[in-house]
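Below you'll find the structure, written out as structure tokens, and then a few comments.
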Amino acid sequence: MTEIICLVSESTGKILRALKGEEEVRKGDVCLVESELGGDIAKVIDLRSDVCRAHKGGQGAVKIIRKATDEDVEKFTWLREKEKRAFEFCLQRIKARILPMKLVAVRYFFNEKKGVFFYTADGRIDFRQLVRDLAKELKMRIEMRQIGVRDEAKMIGGLGVCGRALCCFSFMKAFEPVTIQKARKQQIAINPTKISGLCGRLMCCLAFEEESRGRMYIEEESLIED
């Protein structure tokens, strides 16, 4: 049986499900795990929780590369500082070139050979001169990646009207379609200010509520038949 454990990412604060691997780890251990940027630092927070083992076994789980060394932790701290400086420099160049875009975040690859700059914009942006400015200053490959407002909320995070961390930031892996019909089926007053999240789109939890109500309806029908 595939062993799944839970960790929390040091860079994003998100809960990660990971394949345990051969190396023995304990709660509190800091590990180097796979990520789309070549690696991430994460701390083990749970070894036996049913939550960690849920969701179809190892599907969607990352792989633990090894336990992190002091050098790994120092490097990630150093990369976070470099990302902050790159963010400030990019903001300056965006303003200087009067580009209609909003910079959201900067992420460096673990090998320091590439930096990804996430931004939002209403349309297509000619950022060729901006990329030249960044490459000249930062001495690495530059990727400009346009994202939507829901992705922006997922990256930055925040608190929803419920007082908890945004679902997309804390545990959601992918967005599901949310329509106004879901709110109507739940007999919720169609007030945009009350059913919209920080991103300005319909709250993702509307889909969760509909699913919960559907399960309750099936259980009630089953009890009636019995």
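Chain identifiers are assigned as A, B, and so on, following the order in which chains appear in the structure tokens; residues are numbered from 1 within each chain, and ligands are numbered from 1 in order of appearance.
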I'd like the neighbourhood of region 201-206 of chain A as a compact mmCIF listing (two decimals) with C-alpha atoms, in the first residue's frame, where a residue qualifies if any of its atoms comes within 9 Å (using only C-alpha atoms), though same-chain residues fewer than 4 positions away should be ignored.
# COMPACT_ATOMS: atom_id res chain seq x y z
CA VAL A 149 -8.03 36.64 -11.22
CA ARG A 150 -8.94 33.31 -9.61
CA CYS A 167 -10.27 27.44 -0.29
CA CYS A 168 -8.24 27.88 -3.48
CA PHE A 175 -10.94 25.15 -10.08
CA GLU A 176 -14.39 23.80 -10.86
CA PRO A 177 -17.04 25.72 -12.83
CA VAL A 178 -19.32 27.74 -10.55
CA THR A 179 -22.50 29.19 -12.04
CA ILE A 180 -25.27 31.42 -10.71
CA LYS A 182 -25.84 26.78 -8.15
CA ALA A 183 -26.76 29.72 -5.91
CA GLN A 186 -29.64 26.66 -2.84
CA PRO A 192 -23.06 39.90 -5.97
CA ILE A 195 -21.75 35.43 -3.25
CA SER A 196 -18.48 36.70 -4.77
CA GLY A 197 -15.03 35.91 -3.43
CA GLU A 210 -24.51 21.97 -3.80
CA GLU A 211 -22.58 18.71 -3.56
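Backbone DSSP over region 45-137 of chain A yields strand (DSSP E) at Ile45, Asp46, Val62, Lys63, Ile64, Ile65, Arg66, Lys67, Lys102, Leu103, Val104, Ala105, Val106, Arg107, Tyr108, Lys114, Gly115, Val116, Phe117, Phe118, Tyr119 and Thr120 of chain A.
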Can those selected residues be exported to a file as a short mmCIF file (atom, residue, chain, number, x, y, z; two decimals), in the first residue's frame so that it contains N, CA and C atoms?
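What landed in result21.cif:
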data_model
loop_
_atom_site.label_atom_id
_atom_site.label_comp_id
_atom_site.auth_asym_id
_atom_site.auth_seq_id
_atom_site.Cartn_x
_atom_site.Cartn_y
_atom_site.Cartn_z
N ILE A 45 3.81 17.31 8.83
CA ILE A 45 2.86 17.67 9.89
C ILE A 45 1.96 16.52 10.31
N ASP A 46 1.88 15.47 9.50
CA ASP A 46 1.01 14.35 9.85
C ASP A 46 1.45 13.10 9.09
N VAL A 62 2.87 14.56 -4.26
CA VAL A 62 4.22 14.87 -4.72
C VAL A 62 5.18 13.81 -4.17
N LYS A 63 6.42 13.90 -4.58
CA LYS A 63 7.42 12.94 -4.13
C LYS A 63 8.43 13.64 -3.23
N ILE A 64 8.76 12.98 -2.13
CA ILE A 64 9.81 13.50 -1.25
C ILE A 64 11.16 13.12 -1.84
N ILE A 65 11.98 14.10 -2.13
CA ILE A 65 13.30 13.84 -2.70
C ILE A 65 14.24 13.32 -1.62
N ARG A 66 14.28 14.03 -0.49
CA ARG A 66 15.11 13.65 0.65
C ARG A 66 14.84 14.63 1.79
N LYS A 67 15.42 14.35 2.93
CA LYS A 67 15.34 15.30 4.03
C LYS A 67 16.19 16.52 3.67
N LYS A 102 -0.65 43.90 -14.19
CA LYS A 102 -0.47 43.87 -12.74
C LYS A 102 0.41 42.68 -12.38
N LEU A 103 1.56 42.96 -11.79
CA LEU A 103 2.46 41.89 -11.38
C LEU A 103 1.91 41.24 -10.11
N VAL A 104 1.84 39.91 -10.12
CA VAL A 104 1.25 39.18 -9.00
C VAL A 104 2.31 38.53 -8.12
N ALA A 105 3.26 37.83 -8.73
CA ALA A 105 4.28 37.13 -7.96
C ALA A 105 5.47 36.78 -8.84
N VAL A 106 6.59 36.51 -8.19
CA VAL A 106 7.80 36.07 -8.89
C VAL A 106 8.26 34.78 -8.23
N ARG A 107 8.55 33.77 -9.02
CA ARG A 107 9.05 32.50 -8.49
C ARG A 107 10.31 32.10 -9.24
N TYR A 108 11.34 31.75 -8.49
CA TYR A 108 12.60 31.29 -9.08
C TYR A 108 12.67 29.77 -9.06
N LYS A 114 16.10 30.09 -14.06
CA LYS A 114 14.90 30.66 -14.67
C LYS A 114 14.01 31.29 -13.62
N GLY A 115 13.41 32.42 -13.99
CA GLY A 115 12.46 33.09 -13.12
C GLY A 115 11.13 33.22 -13.83
N VAL A 116 10.03 32.93 -13.12
CA VAL A 116 8.69 33.03 -13.68
C VAL A 116 7.99 34.23 -13.05
N PHE A 117 7.50 35.14 -13.90
CA PHE A 117 6.81 36.35 -13.45
C PHE A 117 5.33 36.22 -13.79
N PHE A 118 4.51 36.11 -12.76
CA PHE A 118 3.07 35.94 -12.94
C PHE A 118 2.39 37.31 -12.94
N TYR A 119 1.47 37.51 -13.88
CA TYR A 119 0.80 38.80 -13.97
C TYR A 119 -0.63 38.62 -14.48
N THR A 120 -1.44 39.64 -14.22
CA THR A 120 -2.79 39.69 -14.78
C THR A 120 -2.89 40.90 -15.70
#
**Request:** Kindly indicate which residue among A:Ile147, A:Lys84, A:Phe109, A:Leu134 lies nearest to Ala121 (chain A), using only C-alpha atoms for the distances.
**Result:** A:Ile147
**Request:** Quick one: pull the distance between CA of Ala165 (chain A) and CA of Val30 (chain A), Å, one decimal.
**Result:** 23.4 Å
**Message:** Applying 9 Å and only C-alpha atoms, which residues near Ala68 (chain A) remain after dropping the ones on its own chain fewer than 2 positions away? List them as a list in words.
**Reply:**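 Near neighbours after the sequence-gap exclusion: Asp29, Val30, Cys31, Leu32, Val33, Ile41, Ala42, Ile65, Arg66, Asp70, Glu71, Asp72 and Val73 of chain A.
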**Message:** Between CA of Arg93 (chain A) and CA of Leu130 (chain A), what distance in Å does the model show, to one decimal?
**Reply:**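 Between CA of Arg93 (chain A) and CA of Leu130 (chain A) the gap is 6.7 Å.
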**Item:** Non-local contacts of Asp40 (chain A) (9 Å; only C-alpha atoms; under 4 positions in same chain excluded) as JSON, numbers by chain
**Value:** {"A": [9, 10, 11, 31, 32, 33, 34, 35, 36, 76, 110]}
**Request:** Using only C-alpha atoms, determine which residues lie at most 8 Å from Leu99 (chain A), disregarding the query and same-chain residues fewer than 2 positions distant; provide the list as a list of chain:residue names.
**Result:** A:Ile94, A:Lys95, A:Arg97, A:Met101, A:Ile125, A:Phe127
Would you write out those residues with N, CA and C atoms, as a CSV table (one decimal), in the first residue's frame?
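out.csv, written as the output of this step:
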chain,number,residue,atom,x,y,z
A,94,ILE,N,7.8,48.0,-15.2
A,94,ILE,CA,6.5,48.1,-15.7
A,94,ILE,C,6.0,49.5,-15.7
A,95,LYS,N,6.2,50.2,-14.6
A,95,LYS,CA,5.8,51.6,-14.5
A,95,LYS,C,6.6,52.5,-15.5
A,97,ARG,N,7.8,51.6,-18.4
A,97,ARG,CA,7.4,51.3,-19.7
A,97,ARG,C,5.9,51.5,-19.9
A,101,MET,N,-0.5,46.1,-17.0
A,101,MET,CA,-0.5,44.8,-16.4
A,101,MET,C,-0.2,44.9,-14.9
A,125,ILE,N,-0.2,41.6,-23.9
A,125,ILE,CA,0.7,42.6,-23.6
A,125,ILE,C,2.0,42.4,-24.3
A,127,PHE,N,5.5,42.6,-24.0
A,127,PHE,CA,6.4,42.8,-22.9
A,127,PHE,C,7.8,42.4,-23.3
